[in-house]
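Note: the block below is final-v5.cif and it holds mmCIF, C-alpha atoms.
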data_entry
#
loop_
_atom_site.label_atom_id
_atom_site.label_comp_id
_atom_site.auth_asym_id
_atom_site.auth_seq_id
_atom_site.Cartn_x
_atom_site.Cartn_y
_atom_site.Cartn_z
CA ASP M 936 0.00 0.00 0.00
CA ALA M 937 1.14 3.50 -0.74
CA GLY M 938 1.99 5.64 2.26
CA VAL M 939 1.06 9.25 2.80
CA THR M 940 1.92 11.14 -0.38
CA GLN M 941 2.83 14.82 -0.36
CA SER M 942 3.46 17.15 -3.25
CA PRO M 943 5.55 18.92 -4.23
CA THR M 944 8.61 17.59 -2.41
CA HIS M 945 10.47 20.89 -2.63
CA LEU M 946 9.30 24.41 -3.30
CA ILE M 947 10.93 27.84 -3.42
CA LYS M 948 8.71 30.90 -3.07
CA THR M 949 9.26 34.64 -2.68
CA ARG M 950 8.11 36.64 0.32
CA GLY M 951 4.53 37.75 -0.05
CA GLN M 952 3.55 34.93 -2.38
CA HIS M 953 0.95 32.26 -1.77
CA VAL M 954 1.60 28.51 -1.62
CA THR M 955 -0.57 25.39 -1.75
CA LEU M 956 0.70 22.08 -0.45
CA ARG M 957 -1.08 18.81 -1.14
CA CYS M 958 -1.48 15.57 0.76
CA SER M 959 -2.99 12.19 -0.15
CA PRO M 960 -3.60 10.02 2.91
CA ILE M 961 -3.22 6.27 3.12
CA SER M 962 -6.20 4.55 1.52
CA GLY M 963 -8.97 4.18 4.08
CA HIS M 964 -7.63 6.91 6.36
CA LYS M 965 -10.19 9.60 7.09
CA SER M 966 -8.16 11.94 9.27
CA VAL M 967 -5.40 14.24 8.05
CA SER M 968 -3.20 16.51 10.13
CA TRP M 969 -0.63 19.09 9.13
CA TYR M 970 2.57 19.88 11.01
CA GLN M 971 5.32 22.44 10.48
CA GLN M 972 8.88 21.36 11.24
CA VAL M 973 11.45 24.13 11.39
CA LEU M 974 15.05 22.97 10.98
CA GLY M 975 16.39 21.55 14.22
CA GLN M 976 12.99 21.50 15.96
CA GLY M 977 10.19 19.03 16.51
CA PRO M 978 7.06 19.21 14.36
CA GLN M 979 4.39 21.70 15.45
CA PHE M 980 0.70 21.03 14.97
CA ILE M 981 -1.09 23.26 12.47
CA PHE M 982 -4.44 21.65 11.56
CA GLN M 983 -6.42 18.45 11.91
CA TYR M 984 -9.27 17.41 9.62
CA TYR M 985 -11.66 14.51 9.85
CA GLU M 986 -14.45 13.77 7.39
CA LYS M 987 -13.86 17.17 5.75
CA GLU M 988 -14.37 19.07 8.98
CA GLU M 989 -11.70 20.97 10.91
CA ARG M 990 -11.20 19.25 14.25
CA GLY M 991 -8.23 21.15 15.58
CA ARG M 992 -6.13 24.21 14.93
CA GLY M 993 -2.71 25.02 16.33
CA ASN M 994 -1.24 28.37 17.23
CA PHE M 995 -0.66 29.64 13.70
CA PRO M 996 -1.79 32.93 12.11
CA ASP M 997 -4.82 33.21 9.84
CA ARG M 998 -2.47 33.23 6.84
CA PHE M 999 -2.54 29.45 7.24
CA SER M 1000 -5.64 27.60 6.08
CA ALA M 1001 -6.49 24.09 5.01
CA ARG M 1002 -9.28 21.93 3.74
CA GLN M 1003 -10.09 18.28 3.21
CA PHE M 1004 -11.81 16.94 0.13
CA PRO M 1005 -14.44 14.18 -0.23
CA ASN M 1006 -11.68 11.70 -1.18
CA TYR M 1007 -9.95 12.63 2.13
CA SER M 1008 -7.01 14.33 0.42
CA SER M 1009 -6.06 17.69 1.85
CA GLU M 1010 -4.52 21.03 0.96
CA LEU M 1011 -2.60 23.43 3.16
CA ASN M 1012 -2.57 27.04 1.99
CA VAL M 1013 -0.28 29.76 3.24
CA ASN M 1014 -0.79 33.38 2.17
CA ALA M 1015 1.60 36.33 2.32
CA LEU M 1016 4.64 34.14 2.87
CA LEU M 1017 7.27 35.24 5.36
CA LEU M 1018 10.89 34.13 5.58
CA GLY M 1019 9.97 32.41 8.85
CA ASP M 1020 7.54 30.12 7.02
CA SER M 1021 10.53 28.25 5.58
CA ALA M 1022 10.18 24.74 6.97
CA LEU M 1023 9.34 21.12 6.27
CA TYR M 1024 5.56 20.75 6.12
CA LEU M 1025 4.39 17.32 7.15
CA CYS M 1026 1.08 15.67 6.52
CA ALA M 1027 -0.03 12.75 8.69
CA SER M 1028 -3.02 10.48 8.28
CA SER M 1029 -4.94 8.13 10.53
CA ARG M 1030 -7.85 5.79 9.98
CA GLU M 1031 -9.97 7.54 12.61
CA LEU M 1032 -9.45 10.28 15.18
CA ILE M 1033 -7.13 8.07 17.18
CA TYR M 1034 -3.44 7.76 17.82
CA GLY M 1035 -0.96 6.15 15.47
CA TYR M 1036 -0.63 8.77 12.79
CA THR M 1037 1.51 7.92 9.75
CA PHE M 1038 3.57 10.80 8.41
CA GLY M 1039 4.49 11.59 4.84
CA SER M 1040 7.99 12.67 3.84
CA GLY M 1041 6.95 16.29 3.75
CA THR M 1042 7.24 19.32 1.50
CA ARG M 1043 10.37 21.40 2.00
CA LEU M 1044 9.30 25.05 1.57
CA THR M 1045 11.95 27.73 1.22
CA VAL M 1046 10.87 31.37 1.26
CA VAL M 1047 13.41 33.81 -0.15
CA GLN L 1243 5.73 27.35 26.83
CA GLN L 1244 7.39 24.08 25.94
CA GLN L 1245 5.12 21.30 27.12
CA VAL L 1246 7.50 18.43 26.34
CA LYS L 1247 11.18 18.82 27.16
CA GLN L 1248 13.63 16.39 25.60
CA SER L 1249 17.26 15.68 26.42
CA PRO L 1250 19.97 15.35 25.39
CA GLN L 1251 20.06 17.36 22.19
CA SER L 1252 22.60 14.97 20.71
CA LEU L 1253 24.02 11.62 21.70
CA ILE L 1254 26.95 9.56 20.47
CA VAL L 1255 27.01 5.86 21.31
CA GLN L 1256 29.27 3.01 20.30
CA LYS L 1257 27.84 0.06 18.41
CA GLY L 1258 26.36 -2.41 20.87
CA GLY L 1259 25.88 0.21 23.56
CA ILE L 1260 22.67 1.49 25.16
CA SER L 1261 21.16 4.77 23.98
CA ILE L 1262 18.96 6.61 26.48
CA ILE L 1263 16.81 9.63 25.64
CA ASN L 1264 14.71 11.38 28.25
CA CYS L 1265 11.56 13.47 28.11
CA ALA L 1266 9.59 15.39 30.71
CA TYR L 1267 6.10 16.78 30.33
CA GLU L 1268 4.04 19.37 32.16
CA ASN L 1269 0.43 18.72 31.22
CA THR L 1270 -1.00 15.94 33.38
CA ALA L 1271 -3.85 15.50 30.89
CA PHE L 1272 -1.48 13.85 28.41
CA ASP L 1273 -2.48 10.19 28.05
CA TYR L 1274 -0.51 8.88 25.08
CA PHE L 1275 3.26 9.05 24.72
CA PRO L 1276 4.82 7.97 21.40
CA TRP L 1277 8.39 8.03 20.21
CA TYR L 1278 9.18 8.84 16.59
CA GLN L 1279 12.30 8.14 14.54
CA GLN L 1280 13.20 10.46 11.69
CA PHE L 1281 15.86 9.93 9.03
CA PRO L 1282 17.11 12.85 6.91
CA GLY L 1283 14.66 13.71 4.15
CA LYS L 1284 11.90 11.59 5.64
CA GLY L 1285 8.92 12.18 7.85
CA PRO L 1286 8.82 10.91 11.44
CA ALA L 1287 7.96 7.22 11.80
CA LEU L 1288 6.24 5.82 14.88
CA LEU L 1289 8.66 3.65 16.81
CA ILE L 1290 6.92 2.71 20.03
CA ALA L 1291 4.27 4.25 22.28
CA ILE L 1292 2.99 3.90 25.83
CA ARG L 1293 -0.06 4.86 27.88
CA PRO L 1294 0.29 6.05 31.48
CA ASP L 1295 -1.35 2.94 32.95
CA VAL L 1296 1.87 0.93 32.42
CA SER L 1297 5.39 1.71 33.58
CA GLU L 1298 7.30 -0.02 30.81
CA LYS L 1299 6.80 -1.27 27.28
CA LYS L 1300 9.31 -3.24 25.24
CA GLU L 1301 9.38 -3.92 21.52
CA GLY L 1302 12.50 -5.65 20.30
CA ARG L 1303 15.51 -3.52 21.16
CA PHE L 1304 13.36 -0.52 22.06
CA THR L 1305 11.93 0.07 25.55
CA ILE L 1306 9.89 2.96 26.95
CA SER L 1307 10.06 3.57 30.68
CA PHE L 1308 7.31 5.75 32.14
CA ASN L 1309 7.24 7.50 35.52
CA LYS L 1310 3.83 9.09 36.01
CA SER L 1311 4.58 10.74 39.36
CA ALA L 1312 7.72 12.39 37.99
CA LYS L 1313 6.02 13.19 34.68
CA GLN L 1314 8.93 11.68 32.80
CA PHE L 1315 9.41 9.01 30.19
CA SER L 1316 12.45 7.69 28.40
CA LEU L 1317 13.47 5.64 25.39
CA HIS L 1318 16.14 2.97 25.75
CA ILE L 1319 17.72 1.46 22.65
CA MET L 1320 19.59 -1.71 23.51
CA ASP L 1321 22.45 -3.04 21.38
CA SER L 1322 22.50 0.19 19.38
CA GLN L 1323 23.41 -0.20 15.70
CA PRO L 1324 24.75 2.28 13.13
CA GLY L 1325 21.40 1.95 11.33
CA ASP L 1326 19.75 3.45 14.43
CA SER L 1327 21.51 6.75 13.71
CA ALA L 1328 18.64 9.21 13.29
CA THR L 1329 16.77 11.97 15.10
CA TYR L 1330 14.40 10.76 17.79
CA PHE L 1331 11.39 12.72 18.98
CA CYS L 1332 9.27 12.10 22.01
CA ALA L 1333 5.70 13.33 21.85
CA ALA L 1334 2.58 13.50 23.95
CA SER L 1335 -1.09 13.79 23.18
CA ILE L 1336 -4.52 13.86 24.77
CA ARG L 1337 -7.53 11.82 23.74
CA GLY L 1338 -9.71 14.89 24.30
CA SER L 1339 -7.77 16.84 21.67
CA ASN L 1340 -8.12 14.05 19.12
CA TYR L 1341 -4.56 12.98 19.80
CA LYS L 1342 -2.87 16.00 18.21
CA LEU L 1343 0.81 15.55 18.97
CA THR L 1344 3.04 17.85 21.00
CA PHE L 1345 6.65 17.03 20.15
CA GLY L 1346 9.92 17.49 21.98
CA LYS L 1347 12.79 19.22 20.17
CA GLY L 1348 14.49 16.00 19.18
CA THR L 1349 17.70 14.10 19.89
CA LEU L 1350 20.24 13.42 17.16
CA LEU L 1351 21.62 9.94 17.81
CA THR L 1352 24.86 8.84 16.21
CA VAL L 1353 25.94 5.23 16.63
CA ASN L 1354 29.58 4.72 15.75
CA PRO L 1355 30.63 1.39 14.23
#
Structure encoded using structure tokens:
Amino acid sequence: DAGVTQSPTHLIKTRGQHVTLRCSPISGHKSVSWYQQVLGQGPQFIFQYYEKEERGRGNFPDRFSARQFPNYSSELNVNALLLGDSALYLCASSRELIYGYTFGSGTRLTVV
Amino acid sequence: QQQVKQSPQSLIVQKGGISIINCAYENTAFDYFPWYQQFPGKGPALLIAIRPDVSEKKEGRFTISFNKSAKQFSLHIMDSQPGDSATYFCAASIRGSNYKLTFGKGTLLTVNP
């Protein structure tokens, strides 16, 4: 079975631009979460979605938004990019709203 | 406010030795404590996890020890191998928050041959 798939793998954007990151969960997984991992730090929770509804939001500004589609895939959008948004963005999926999330390999975003 | 504190930041162990990584938490509502292993260019992978109703859990060479009263838990890697060289993260979560994970800052483990 395919794992959690994220695209693109790498991305370079300019300050002020907008970015959309995509995630396909493991087949049968209904919950998707997004995490931001700054270099040298542990991942930080951004959003959690289950059955297309937002079920949790971390301490991130409104420039960050996300959604989940009927096929359970998800998008993370970031507006007005700042240099500090440079990070590895991780998507994790789970069958239900339980523990045992499986992470994808992430999208490395560089803002210049 | 860092809710999960992890130490050490980095660790060098000889092949066959024991690697020990420690974590301390503040929120007594945490009820699930996983450890993740991350290789460069990859996402974190679940290694082993424990709930606070047990004091120890062992899976192969990996053991979690849990001390509820001290609000501490640790990962022990027995017979450490060069292939174990990676960054290890402890985490904690709460059933009531749908198990969103709060991670420590990570420990870079290097196992020398």
Carefully work through the PyMOL selection byres ((chain M) within 6 of (chain L)) for this structure and note down the residues it includes, as a PyMOL selection string.
-> chain M and resi 976-977+1032+1034+1038-1040
Closest to L:Asp1321 among L:Leu1253, L:Ile1260, L:Leu1289, L:Val1353, using all atoms listed in the file?
-> L:Ile1260
Which value, in Å to one decimal, gives the distance between atom CA of L:Ser1316 and atom CA of M:Arg1030?
-> 27.5 Å
Hey, what comes out of the PyMOL selection byres ((chain L and resi 1308) around 8) on this file? Could you write it as a list in words?
->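 With the PyMOL selection byres ((chain L and resi 1308) around 8) on this model, the match is Ile1292, Pro1294, Val1296, Ser1297, Glu1298, Ile1306, Ser1307, Asn1309, Lys1310, Lys1313, Gln1314, Phe1315 and Ser1316 of chain L.
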Using the chain letters and numbers from the file, give me the residues hit by the PyMOL selection byres ((chain M and resi 971) around 10), as a list in words.
->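 Output of the PyMOL selection byres ((chain M and resi 971) around 10): Trp969, Tyr970, Gln972, Val973, Leu974, Gln976, Gly977, Pro978, Gln979, Phe980, Ile981, Phe982, Phe995, Asp1020, Ser1021, Ala1022, Leu1023, Tyr1024, Leu1025, Cys1026, Gly1041, Thr1042 and Arg1043 of chain M.
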Name the closest residue to L:Gly1325 among the candidates L:Thr1352, L:Ser1249, L:Ser1261, L:Thr1305; distances are taken between atoms, counting all atoms listed in the file.
-> L:Thr1352
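Taking atom CA of M:Ala937 and atom CA of M:Tyr985 as endpoints, the distance between them is 19.9 Å.
Atom pair atom CA of L:Gln1245 / atom CA of M:Gly993 has a distance of 13.8 Å (rounded to one decimal).
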Long-range neighbours of M:Phe1004 as an MDAnalysis selection string, 12 Å cut-off, all atoms listed in the file, 2 positions minimum in chain | chainID M and resid 957:960 965:967 984:989 1001:1002 1006:1011
Using all atoms listed in the file, which of the listed residues (M:Thr1037, M:Gln1003, M:Ser968, M:Ser942) sits closest to M:Val954?
->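 Smallest distance to M:Val954 is found for M:Ser942.
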Near M:Arg998, within 12 Å and counting all atoms listed in the file, which residues show up once chain neighbours fewer than 5 positions away are dropped, as an MDAnalysis selection string?
-> chainID M and resid 951:955 981 1011:1017 1020
Keeping C-alpha atoms, export the residues of the selection given above as a PDB file, in the frame of the given file.
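File part08.pdb, as written:
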ATOM      1  CA  GLY M 951       4.530  37.750  -0.050  1.00  0.00           C
ATOM      2  CA  GLN M 952       3.550  34.930  -2.380  1.00  0.00           C
ATOM      3  CA  HIS M 953       0.950  32.260  -1.770  1.00  0.00           C
ATOM      4  CA  VAL M 954       1.600  28.510  -1.620  1.00  0.00           C
ATOM      5  CA  THR M 955      -0.570  25.390  -1.750  1.00  0.00           C
ATOM      6  CA  ILE M 981      -1.090  23.260  12.470  1.00  0.00           C
ATOM      7  CA  LEU M1011      -2.600  23.430   3.160  1.00  0.00           C
ATOM      8  CA  ASN M1012      -2.570  27.040   1.990  1.00  0.00           C
ATOM      9  CA  VAL M1013      -0.280  29.760   3.240  1.00  0.00           C
ATOM     10  CA  ASN M1014      -0.790  33.380   2.170  1.00  0.00           C
ATOM     11  CA  ALA M1015       1.600  36.330   2.320  1.00  0.00           C
ATOM     12  CA  LEU M1016       4.640  34.140   2.870  1.00  0.00           C
ATOM     13  CA  LEU M1017       7.270  35.240   5.360  1.00  0.00           C
ATOM     14  CA  ASP M1020       7.540  30.120   7.020  1.00  0.00           C
TER      15      ASP M1020
END
With only C-alpha atoms as the basis for distance, which of L:Ala1312, L:Ala1328, L:Leu1317, L:Ala1271 is at the shortest distance from L:Gln1248?
->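 Among the listed residues, the smallest separation from L:Gln1248 belongs to L:Leu1317.
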Go through M:Ser1029, M:Leu956, M:Gly975, M:Val1047 and flag the residue nearest M:Gln941, using only C-alpha atoms for the distances.
->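 Under the stated criterion, the closest residue is M:Leu956.
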